Each structure stands twice: as C-alpha cells, then as structure tokens.
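Shown below: entry27.cif, with mmCIF, C-alpha atoms.
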```cif
data_data
loop_
_atom_site.label_atom_id
_atom_site.label_comp_id
_atom_site.auth_asym_id
_atom_site.auth_seq_id
_atom_site.Cartn_x
_atom_site.Cartn_y
_atom_site.Cartn_z
CA MET G 8 -71.17 60.91 34.18
CA SER G 9 -68.33 59.77 36.42
CA VAL G 10 -66.10 62.15 38.31
CA VAL G 11 -62.37 62.45 37.65
CA PRO G 12 -60.47 61.71 40.89
CA ALA G 13 -59.15 64.74 42.75
CA GLY G 14 -55.57 63.51 42.41
CA VAL G 15 -55.61 63.71 38.61
CA ASP G 16 -53.99 67.03 37.67
CA VAL G 17 -53.44 67.40 33.94
CA SER G 18 -51.99 70.89 34.49
CA GLN G 19 -48.75 69.15 35.45
CA MET G 20 -48.60 67.34 32.10
CA ASP G 21 -46.82 68.36 28.94
CA PRO G 22 -49.05 71.15 27.47
CA HIS G 23 -49.73 69.25 24.25
CA GLN G 24 -50.74 66.11 26.14
CA ALA G 25 -52.88 68.11 28.59
CA GLU G 26 -54.71 69.79 25.72
CA LEU G 27 -55.51 66.46 24.05
CA MET G 28 -56.62 64.91 27.34
CA ALA G 29 -59.09 67.76 27.88
CA LYS G 30 -60.45 68.43 24.39
CA ASP G 31 -60.43 65.08 22.53
CA GLN G 32 -63.81 63.37 22.78
CA CYS G 33 -63.39 59.63 22.33
CA ILE G 34 -66.18 57.45 20.90
CA LEU G 35 -67.52 55.19 23.64
CA VAL G 36 -68.65 51.75 22.48
CA ASN G 37 -69.81 48.42 23.88
CA ARG G 38 -68.11 45.05 23.29
CA ARG G 39 -69.81 44.83 19.86
CA ASP G 40 -68.29 48.19 18.84
CA GLU G 41 -71.70 49.88 18.89
CA PRO G 42 -71.42 53.60 19.79
CA ILE G 43 -72.99 54.47 23.15
CA GLY G 44 -71.75 58.04 23.70
CA CYS G 45 -68.54 60.00 24.16
CA SER G 46 -66.06 60.86 26.88
CA PRO G 47 -62.99 63.11 27.20
CA LYS G 48 -59.74 61.27 26.52
CA LYS G 49 -58.65 61.96 30.09
CA GLU G 50 -61.64 60.24 31.65
CA CYS G 51 -61.79 57.09 29.53
CA HIS G 52 -58.09 56.39 30.17
CA LEU G 53 -58.45 56.40 33.96
CA MET G 54 -58.04 53.00 35.58
CA THR G 55 -60.95 53.79 37.92
CA GLU G 56 -63.19 53.99 34.84
CA ILE G 57 -61.71 50.93 33.15
CA ARG G 58 -62.02 48.70 36.22
CA ALA G 59 -65.66 49.81 36.60
CA GLY G 60 -66.39 48.63 33.05
CA ARG G 61 -66.71 52.15 31.67
CA GLY G 62 -64.67 54.00 29.07
CA LEU G 63 -64.29 51.36 26.33
CA HIS G 64 -63.64 53.45 23.23
CA ARG G 65 -62.56 53.26 19.59
CA ALA G 66 -58.94 53.51 18.59
CA PHE G 67 -56.75 52.72 15.60
CA SER G 68 -53.29 51.21 15.17
CA LEU G 69 -51.52 52.03 11.92
CA PHE G 70 -48.57 50.08 10.51
CA LEU G 71 -46.56 52.00 7.90
CA PHE G 72 -44.19 50.02 5.65
CA ASN G 73 -41.59 51.34 3.22
CA GLU G 74 -41.01 50.01 -0.31
CA GLU G 75 -38.74 47.25 1.04
CA GLY G 76 -41.43 46.08 3.48
CA LYS G 77 -39.78 47.44 6.63
CA LEU G 78 -42.08 48.70 9.38
CA LEU G 79 -41.72 52.16 10.93
CA LEU G 80 -41.68 51.96 14.74
CA GLN G 81 -41.98 54.87 17.12
CA ARG G 82 -40.82 55.13 20.70
CA ARG G 83 -43.45 56.98 22.66
CA ALA G 84 -42.39 60.27 24.23
CA GLY G 85 -41.51 60.31 27.91
CA VAL G 86 -44.31 62.83 28.56
CA LYS G 87 -47.07 60.48 27.33
CA PRO G 88 -49.47 59.60 30.19
CA THR G 89 -49.74 55.94 29.12
CA PHE G 90 -46.76 53.68 28.40
CA PRO G 91 -44.09 56.39 28.00
CA LEU G 92 -40.78 55.53 26.33
CA ARG G 93 -42.02 52.21 24.97
CA TRP G 94 -41.60 51.10 21.37
CA THR G 95 -44.78 50.56 19.42
CA ASN G 96 -46.24 50.55 15.91
CA THR G 97 -46.10 53.59 13.64
CA CYS G 98 -49.09 55.51 14.99
CA CYS G 99 -51.85 54.77 17.53
CA SER G 100 -54.67 57.10 18.57
CA HIS G 101 -58.44 57.62 18.51
CA PRO G 102 -61.14 58.61 16.04
CA LEU G 103 -63.05 61.54 17.53
CA TYR G 104 -66.75 61.83 18.30
CA GLY G 105 -69.19 64.08 16.47
CA GLY G 106 -67.80 64.28 12.94
CA ALA G 107 -66.58 62.23 9.98
CA GLU G 108 -64.15 60.28 12.17
CA ALA G 109 -67.12 58.60 13.89
CA ASN G 110 -67.87 56.73 10.64
CA GLY G 111 -66.40 53.30 11.38
CA VAL G 112 -63.51 52.23 9.19
CA GLU G 113 -63.53 55.37 7.06
CA GLY G 114 -63.49 57.47 10.20
CA ALA G 115 -60.49 55.55 11.53
CA LYS G 116 -58.64 56.27 8.28
CA LEU G 117 -59.32 60.00 8.60
CA ALA G 118 -58.13 59.90 12.21
CA ALA G 119 -54.92 58.17 11.12
CA ILE G 120 -54.18 60.89 8.57
CA ARG G 121 -54.75 63.57 11.24
CA LYS G 122 -52.53 61.87 13.80
CA LEU G 123 -49.72 61.04 11.36
CA GLU G 124 -49.38 64.80 10.95
CA ASP G 125 -49.66 65.53 14.68
CA GLU G 126 -47.25 62.82 15.84
CA LEU G 127 -44.82 62.32 12.95
CA GLY G 128 -45.14 65.57 10.98
CA ILE G 129 -46.37 63.72 7.87
CA PRO G 130 -48.47 66.24 5.92
CA ALA G 131 -52.13 65.33 5.56
CA SER G 132 -51.68 65.56 1.79
CA GLN G 133 -49.19 62.65 1.87
CA PHE G 134 -51.92 59.99 2.09
CA ALA G 135 -55.55 59.56 1.09
CA PRO G 136 -57.99 57.27 2.95
CA ALA G 137 -57.87 54.85 0.01
CA ASP G 138 -54.16 54.27 0.74
CA PHE G 139 -54.99 52.59 4.07
CA HIS G 140 -55.85 48.88 4.12
CA TYR G 141 -58.19 47.96 6.95
CA LEU G 142 -57.50 44.51 8.44
CA THR G 143 -59.74 43.83 11.44
CA ARG G 144 -60.67 45.07 14.92
CA ILE G 145 -59.33 43.88 18.26
CA HIS G 146 -60.65 44.40 21.79
CA TYR G 147 -57.89 44.70 24.38
CA CYS G 148 -57.16 46.15 27.81
CA ALA G 149 -53.82 47.17 29.32
CA LEU G 150 -52.82 48.87 32.57
CA SER G 151 -50.10 51.50 32.56
CA ASP G 152 -49.04 53.08 35.86
CA GLY G 153 -51.95 52.41 38.20
CA MET G 154 -53.73 55.66 37.32
CA TRP G 155 -53.87 55.41 33.53
CA GLY G 156 -54.61 52.58 31.15
CA GLU G 157 -55.99 51.58 27.76
CA HIS G 158 -59.27 49.80 27.00
CA GLU G 159 -60.07 49.96 23.32
CA ILE G 160 -61.72 48.54 20.24
CA ASP G 161 -58.70 48.99 18.00
CA TYR G 162 -58.97 49.24 14.19
CA LEU G 163 -55.83 47.77 12.58
CA MET G 164 -54.61 49.24 9.28
CA PHE G 165 -51.63 48.86 6.93
CA VAL G 166 -50.21 51.44 4.54
CA GLN G 167 -47.16 51.02 2.30
CA LEU G 168 -45.18 53.71 0.52
CA LYS G 169 -45.58 53.67 -3.23
CA PRO G 170 -42.48 53.29 -5.44
CA GLY G 171 -40.60 56.55 -5.36
CA GLN G 172 -42.86 58.12 -2.73
CA GLN G 173 -40.85 60.42 -0.48
CA LEU G 174 -41.87 60.37 3.18
CA VAL G 175 -41.67 63.59 5.18
CA LEU G 176 -40.94 62.83 8.85
CA GLN G 177 -40.66 65.43 11.61
CA ALA G 178 -41.51 63.84 14.95
CA ASN G 179 -43.43 65.86 17.52
CA PRO G 180 -41.32 65.69 20.72
CA SER G 181 -44.48 65.73 22.83
CA GLU G 182 -45.54 62.49 21.13
CA VAL G 183 -42.48 60.65 19.85
CA GLU G 184 -39.03 60.07 21.36
CA GLU G 185 -37.46 58.37 18.32
CA LEU G 186 -38.22 56.44 15.15
CA LYS G 187 -36.71 53.47 13.33
CA TRP G 188 -37.46 51.07 10.48
CA VAL G 189 -37.36 47.33 11.20
CA SER G 190 -37.56 44.08 9.26
CA PRO G 191 -39.42 41.08 10.74
CA ASP G 192 -36.13 39.68 12.05
CA GLU G 193 -35.21 43.02 13.60
CA LEU G 194 -38.60 43.23 15.29
CA ARG G 195 -38.14 39.71 16.67
CA ALA G 196 -34.90 41.00 18.22
CA GLU G 197 -36.92 43.74 19.94
CA PHE G 198 -39.12 41.04 21.42
CA LYS G 199 -36.00 39.36 22.79
CA VAL G 200 -35.14 42.62 24.56
CA ALA G 201 -38.69 42.74 25.96
CA GLU G 202 -38.21 39.31 27.58
CA SER G 203 -35.79 40.87 30.07
CA ASN G 204 -37.29 44.38 29.99
CA PRO G 205 -41.12 44.25 30.15
CA ALA G 206 -41.28 48.04 29.66
CA HIS G 207 -39.62 47.85 26.23
CA LEU G 208 -42.78 47.45 24.10
CA THR G 209 -46.40 48.54 24.47
CA PRO G 210 -48.72 45.66 25.38
CA TRP G 211 -51.11 46.18 22.44
CA PHE G 212 -48.19 46.09 20.02
CA GLN G 213 -46.97 42.86 21.61
CA MET G 214 -50.44 41.34 21.27
CA ILE G 215 -50.90 42.42 17.66
CA ALA G 216 -47.36 41.53 16.53
CA GLU G 217 -47.15 38.11 18.18
CA GLN G 218 -50.69 36.96 17.47
CA LEU G 219 -51.43 38.63 14.11
CA LEU G 220 -48.77 40.82 12.49
CA PHE G 221 -45.98 38.33 11.86
CA GLY G 222 -48.40 36.00 10.10
CA TRP G 223 -49.46 38.86 7.78
CA TRP G 224 -45.96 40.28 7.25
CA GLU G 225 -43.46 37.48 6.78
CA ASN G 226 -42.92 35.16 3.80
CA GLY G 227 -44.11 37.69 1.25
CA LYS G 228 -47.63 37.89 2.67
CA LEU G 229 -47.47 41.67 3.14
CA ALA G 230 -47.56 42.13 -0.63
CA GLU G 231 -50.58 39.81 -0.86
CA VAL G 232 -52.47 41.74 1.83
CA ILE G 233 -51.69 45.10 0.20
CA LYS G 234 -52.67 43.83 -3.25
CA ALA G 235 -55.95 42.43 -1.89
CA GLY G 236 -56.71 45.71 -0.11
CA GLY G 237 -56.94 44.03 3.30
CA LEU G 238 -57.98 40.69 4.73
CA GLY G 239 -61.49 40.52 3.31
CA GLN G 240 -65.06 41.28 4.34
CA GLU G 241 -65.40 38.37 6.76
CA LEU G 242 -62.74 39.82 9.06
CA ALA G 243 -63.96 43.36 8.48
CA ASP G 244 -67.48 42.52 9.68
CA ARG G 245 -66.59 40.29 12.64
CA VAL G 246 -67.24 41.11 16.27
CA PRO G 247 -63.89 42.47 17.57
CA LEU G 248 -61.33 39.79 18.29
CA VAL G 249 -60.33 39.78 21.98
CA LEU G 250 -56.56 39.75 22.56
CA SER G 251 -54.57 39.57 25.78
CA LEU G 252 -51.03 38.67 26.84
CA PRO G 253 -50.72 35.13 28.26
CA GLY G 254 -50.11 35.21 31.99
CA LYS G 255 -50.68 38.97 32.22
CA ALA G 256 -53.70 39.64 34.42
CA ASP G 257 -53.47 43.36 33.68
CA THR G 258 -54.56 42.69 30.07
CA VAL G 259 -57.80 40.85 30.95
CA ILE G 260 -61.04 42.58 29.86
CA PRO G 261 -63.01 43.81 32.94
CA GLU G 262 -66.12 41.67 33.43
CA ALA G 263 -68.29 44.75 34.01
CA THR G 264 -67.70 46.00 30.46
CA PRO G 265 -71.07 46.15 28.61
#
```
Please re-express this file's structure in structure tokens.
Amino acid sequence: MSVVPAGVDVSQMDPHQAELMAKDQCILVNRRDEPIGCSPKKECHLMTEIRAGRGLHRAFSLFLFNEEGKLLLQRRAGVKPTFPLRWTNTCCSHPLYGGAEANGVEGAKLAAIRKLEDELGIPASQFAPADFHYLTRIHYCALSDGMWGEHEIDYLMFVQLKPGQQLVLQANPSEVEELKWVSPDELRAEFKVAESNPAHLTPWFQMIAEQLLFGWWENGKLAEVIKAGGLGQELADRVPLVLSLPGKADTVIPEATP
C-alpha cells in the first residue's frame, strides 16, 4: 500500500468532499478492467499514484437527456479537488468496492442512481437500473492541478426522460455550481469557448463528446440508441477503448499501468 504524501491535507477541503475522499473505496482494475483490489478515493486520485501506474479505477459517466433530446450539463463545484468549475456531462463518479456496485455494468447503474441523488438531488426512486442504456467503456487519464488527477475505466451510459416524466433537481453546492440543458449546437458553442479557455470543460467530457457523443446524438441517432437499449453486445464486451486529447501530453496513459 502506498503512502499519501505529507502535504495532502483533506481537512482543509469542503467537509462533503473530504468525507468522500476518505470513505469511498474505489474499485482498482487493470487495463482490461479486471478488478485487482480497492483504494480510498483520495489515494487513487493522487498524481503520484497515477504516474507510478497505480490507482486505475472504475468510474461512470452518465448523460441525461430530456424529452426534446437536450443534454443536462453540470458545472463542477469550486470545492471539487479535481477540475473545479468546469462544465461536464450530467453526472460522473465511481462504483464502490465491496457491494452490488462492484458488479460491472449493473453496478455502474446503481452507482449512477446513488450519485444522481447526492449531486443533483434526484431521488433514487426517479430511475431504475433498466432506465440506463450502457454504451461502452473508455480508458483515459487526465491531470488536474499537479496534485490530483483522474485515471479511470469509465462506463458510459445514456438515460432519457420519459414523456411527461417530471425531473426533481436540487443541486448539492458541494458538488455542483450550476446546471443547464444544451442541444448539440449549443454544446458545440461550448467547445468554441474552450478553444480560448482550456479550463472551460473537463478533459474526459471533451474526449467523449468530440470522439463519440456527437456521432451518437446528432441526426436523430439518440432515439435509435435509446430504442435499441445501447450500442450492442460487441461494444459492451470490448476491451476499454483508450481515449486522449490530441496534443495533450497530460492525457496519455502512464506506461507503468498494468
């Protein structure tokens, strides 16, 4: 077990963030998404661990669409340790070790329901696991501020509100700064902003949106994906797809990663 550097003091964090950093046990995996143990959230997000090839863990990224096909974006709270105040997809977090959330895709769905309530105030009764459409997994890495970073096997999922379904939203200020719904064209405008302001969007959201999401979302394809219940078994079973940002060395997977 590695040692957390002496300079890392979570007591100075927002209390909600400090609690999650200490208690959440992330599922450690290798490049093939095979579980190899667990680690506290704090430890597996340290850049010292990531650079040493340790701390690769499971995560999920959820994309919530309304009836009109607009995507709900959140701007991460300023107290978040990684990528504060950046716009990203609806909800991103981690399945936890040692319970039902460790069960692959189904576990990621349960984690998404839990975190939608924690981050956005959406009651757990609002969605069932069957409402979430699993797409595929990606393997990515991204530095944040020199101390913290992300290195994850990320399970991508869509969910769309049913006709007439009323969404309860009450953002947790320790998690979310603000929310907004965007169309594909409106999201492309956000990418224009990011060209002059690199801190506007999270790197994983940029990777997913540019390289995958727009192709699944535009030209009526969202309805096809939802109707089909995902992108099919071939994508579901594949070894995680590696994504990075062109020209961004801080998104390259560390060679030491098992």
Top pick for closest residue to G:Cys99, considering G:Met164, G:Ala149, G:Cys45, G:Val86 and counting only C-alpha atoms: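 Among the listed residues, the smallest separation from G:Cys99 belongs to G:Met164.
The gap separating atom CA of G:Leu238 from atom CA of G:Gln32 is 29.6 Å, in Å to one decimal.
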Between atom CA of G:Gln24 and atom CA of G:Phe72 - distance in Å to one decimal: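 One can read the atom CA of G:Phe72 to atom CA of G:Gln24 distance as 26.9 Å.
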Atom pair atom CA of G:Gly156 / atom CA of G:Lys49: separation (Å):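 Atom CA of G:Lys49 lies at a distance of 10.3 Å from atom CA of G:Gly156.
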Explicit residues for the PyMOL selection byres ((chain G and resi 207) around 9) (as a ChimeraX atom specification): /G:92-95,197-198,200-206,208-209
With the cut-off set at 10 Å and counting only C-alpha atoms, tabulate each residue of stretch 106-208 of chain G with an atom at most that distance from an atom of stretch 247-255 of chain G, showing the nearest atom pair and its distance in Å to one decimal, ordered by chain and increasing number, as a tab-separated table.
```
residue	atom	partner	partner_atom	distance
G:Thr143	CA	G:Pro247	CA	7.5
G:Arg144	CA	G:Pro247	CA	4.9
G:Ile145	CA	G:Leu248	CA	4.6
G:His146	CA	G:Val249	CA	4.6
G:Tyr147	CA	G:Leu250	CA	5.4
G:Cys148	CA	G:Ser251	CA	7.4
G:Ala149	CA	G:Ser251	CA	8.4
G:Ile160	CA	G:Pro247	CA	7.0
G:Asp161	CA	G:Pro247	CA	8.3
G:Tyr162	CA	G:Pro247	CA	9.0
```
Residue nearest G:Glu193 among G:Glu231, G:Leu79, G:Ala135, G:Trp223 (counting only C-alpha atoms):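 The shortest atom-to-atom distance to G:Glu193 comes from G:Leu79.
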Residues matched by the PyMOL selection byres ((chain G and resi 114) around 12), written as a PyMOL selection string: chain G and resi 34+65-67+101-113+115-121+136-137+139+141+162
Test item: the PyMOL selection byres ((chain G and resi 53-61) around 8) resolved as number ranges by chain: G: 9, 49-52, 62-63, 150, 153-158, 261-265
Pick from G:Asp138, G:Ser46, G:Phe90, G:Ser132 nearest to G:Lys234, counting only C-alpha atoms: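 Among the listed residues, G:Asp138 lies closest to G:Lys234.
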Spatial neighbours of G:Ile129, 9 Å, all atoms listed in the file, chain gap at least 5 places, as a ChimeraX atom specification: /G:120,122-124,134,174-178
Among listed residues G:Leu35, G:Val183, G:Cys98, G:Ala25, nearest G:Leu78 (using only C-alpha atoms):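 Closest candidate: G:Cys98.
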Please complete stretch 206-231 of chain G so it has N, CA and C atoms, and hand it over as a PDB file, in the coordinates of the input.
```
ATOM      1  N   ALA G 206     -40.871  46.686  30.038  1.00  0.00           N
ATOM      2  CA  ALA G 206     -41.280  48.040  29.660  1.00  0.00           C
ATOM      3  C   ALA G 206     -40.712  48.458  28.307  1.00  0.00           C
ATOM      4  N   HIS G 207     -40.231  47.511  27.516  1.00  0.00           N
ATOM      5  CA  HIS G 207     -39.620  47.850  26.230  1.00  0.00           C
ATOM      6  C   HIS G 207     -40.658  48.107  25.140  1.00  0.00           C
ATOM      7  N   LEU G 208     -41.761  47.351  25.146  1.00  0.00           N
ATOM      8  CA  LEU G 208     -42.780  47.450  24.100  1.00  0.00           C
ATOM      9  C   LEU G 208     -44.148  47.718  24.736  1.00  0.00           C
ATOM     10  N   THR G 209     -45.033  48.369  23.977  1.00  0.00           N
ATOM     11  CA  THR G 209     -46.400  48.540  24.470  1.00  0.00           C
ATOM     12  C   THR G 209     -47.126  47.197  24.424  1.00  0.00           C
ATOM     13  N   PRO G 210     -48.039  46.960  25.359  1.00  0.00           N
ATOM     14  CA  PRO G 210     -48.720  45.660  25.380  1.00  0.00           C
ATOM     15  C   PRO G 210     -49.581  45.406  24.156  1.00  0.00           C
ATOM     16  N   TRP G 211     -50.278  46.442  23.623  1.00  0.00           N
ATOM     17  CA  TRP G 211     -51.110  46.180  22.440  1.00  0.00           C
ATOM     18  C   TRP G 211     -50.256  45.823  21.237  1.00  0.00           C
ATOM     19  N   PHE G 212     -49.078  46.426  21.131  1.00  0.00           N
ATOM     20  CA  PHE G 212     -48.190  46.090  20.020  1.00  0.00           C
ATOM     21  C   PHE G 212     -47.690  44.661  20.163  1.00  0.00           C
ATOM     22  N   GLN G 213     -47.365  44.247  21.385  1.00  0.00           N
ATOM     23  CA  GLN G 213     -46.970  42.860  21.610  1.00  0.00           C
ATOM     24  C   GLN G 213     -48.083  41.896  21.203  1.00  0.00           C
ATOM     25  N   MET G 214     -49.312  42.205  21.621  1.00  0.00           N
ATOM     26  CA  MET G 214     -50.440  41.340  21.270  1.00  0.00           C
ATOM     27  C   MET G 214     -50.608  41.235  19.758  1.00  0.00           C
ATOM     28  N   ILE G 215     -50.649  42.382  19.105  1.00  0.00           N
ATOM     29  CA  ILE G 215     -50.900  42.420  17.660  1.00  0.00           C
ATOM     30  C   ILE G 215     -49.760  41.746  16.900  1.00  0.00           C
ATOM     31  N   ALA G 216     -48.512  42.065  17.270  1.00  0.00           N
ATOM     32  CA  ALA G 216     -47.360  41.530  16.530  1.00  0.00           C
ATOM     33  C   ALA G 216     -47.259  40.021  16.694  1.00  0.00           C
ATOM     34  N   GLU G 217     -47.339  39.540  17.934  1.00  0.00           N
ATOM     35  CA  GLU G 217     -47.150  38.110  18.180  1.00  0.00           C
ATOM     36  C   GLU G 217     -48.299  37.270  17.638  1.00  0.00           C
ATOM     37  N   GLN G 218     -49.526  37.774  17.778  1.00  0.00           N
ATOM     38  CA  GLN G 218     -50.690  36.960  17.470  1.00  0.00           C
ATOM     39  C   GLN G 218     -51.257  37.194  16.066  1.00  0.00           C
ATOM     40  N   LEU G 219     -50.871  38.305  15.420  1.00  0.00           N
ATOM     41  CA  LEU G 219     -51.430  38.630  14.110  1.00  0.00           C
ATOM     42  C   LEU G 219     -50.384  39.104  13.095  1.00  0.00           C
ATOM     43  N   LEU G 220     -49.603  40.121  13.465  1.00  0.00           N
ATOM     44  CA  LEU G 220     -48.770  40.820  12.490  1.00  0.00           C
ATOM     45  C   LEU G 220     -47.775  39.922  11.775  1.00  0.00           C
ATOM     46  N   PHE G 221     -47.008  39.120  12.526  1.00  0.00           N
ATOM     47  CA  PHE G 221     -45.980  38.330  11.860  1.00  0.00           C
ATOM     48  C   PHE G 221     -46.581  37.403  10.805  1.00  0.00           C
ATOM     49  N   GLY G 222     -47.754  36.865  11.078  1.00  0.00           N
ATOM     50  CA  GLY G 222     -48.400  36.000  10.100  1.00  0.00           C
ATOM     51  C   GLY G 222     -48.826  36.731   8.836  1.00  0.00           C
ATOM     52  N   TRP G 223     -49.060  38.056   8.937  1.00  0.00           N
ATOM     53  CA  TRP G 223     -49.460  38.860   7.780  1.00  0.00           C
ATOM     54  C   TRP G 223     -48.259  39.473   7.064  1.00  0.00           C
ATOM     55  N   TRP G 224     -47.094  39.478   7.711  1.00  0.00           N
ATOM     56  CA  TRP G 224     -45.960  40.280   7.250  1.00  0.00           C
ATOM     57  C   TRP G 224     -44.868  39.426   6.621  1.00  0.00           C
ATOM     58  N   GLU G 225     -44.590  38.295   7.226  1.00  0.00           N
ATOM     59  CA  GLU G 225     -43.460  37.480   6.780  1.00  0.00           C
ATOM     60  C   GLU G 225     -43.804  36.657   5.535  1.00  0.00           C
ATOM     61  N   ASN G 226     -42.772  36.097   4.928  1.00  0.00           N
ATOM     62  CA  ASN G 226     -42.920  35.160   3.800  1.00  0.00           C
ATOM     63  C   ASN G 226     -43.679  35.747   2.616  1.00  0.00           C
ATOM     64  N   GLY G 227     -43.507  37.051   2.407  1.00  0.00           N
ATOM     65  CA  GLY G 227     -44.110  37.690   1.250  1.00  0.00           C
ATOM     66  C   GLY G 227     -45.592  37.968   1.371  1.00  0.00           C
ATOM     67  N   LYS G 228     -46.181  37.711   2.537  1.00  0.00           N
ATOM     68  CA  LYS G 228     -47.630  37.890   2.670  1.00  0.00           C
ATOM     69  C   LYS G 228     -48.044  39.348   2.729  1.00  0.00           C
ATOM     70  N   LEU G 229     -47.126  40.249   3.115  1.00  0.00           N
ATOM     71  CA  LEU G 229     -47.470  41.670   3.140  1.00  0.00           C
ATOM     72  C   LEU G 229     -47.927  42.132   1.761  1.00  0.00           C
ATOM     73  N   ALA G 230     -47.195  41.738   0.727  1.00  0.00           N
ATOM     74  CA  ALA G 230     -47.560  42.130  -0.630  1.00  0.00           C
ATOM     75  C   ALA G 230     -48.936  41.605  -1.012  1.00  0.00           C
ATOM     76  N   GLU G 231     -49.261  40.390  -0.555  1.00  0.00           N
ATOM     77  CA  GLU G 231     -50.580  39.810  -0.860  1.00  0.00           C
ATOM     78  C   GLU G 231     -51.684  40.606  -0.175  1.00  0.00           C
TER      79      GLU G 231
END
```
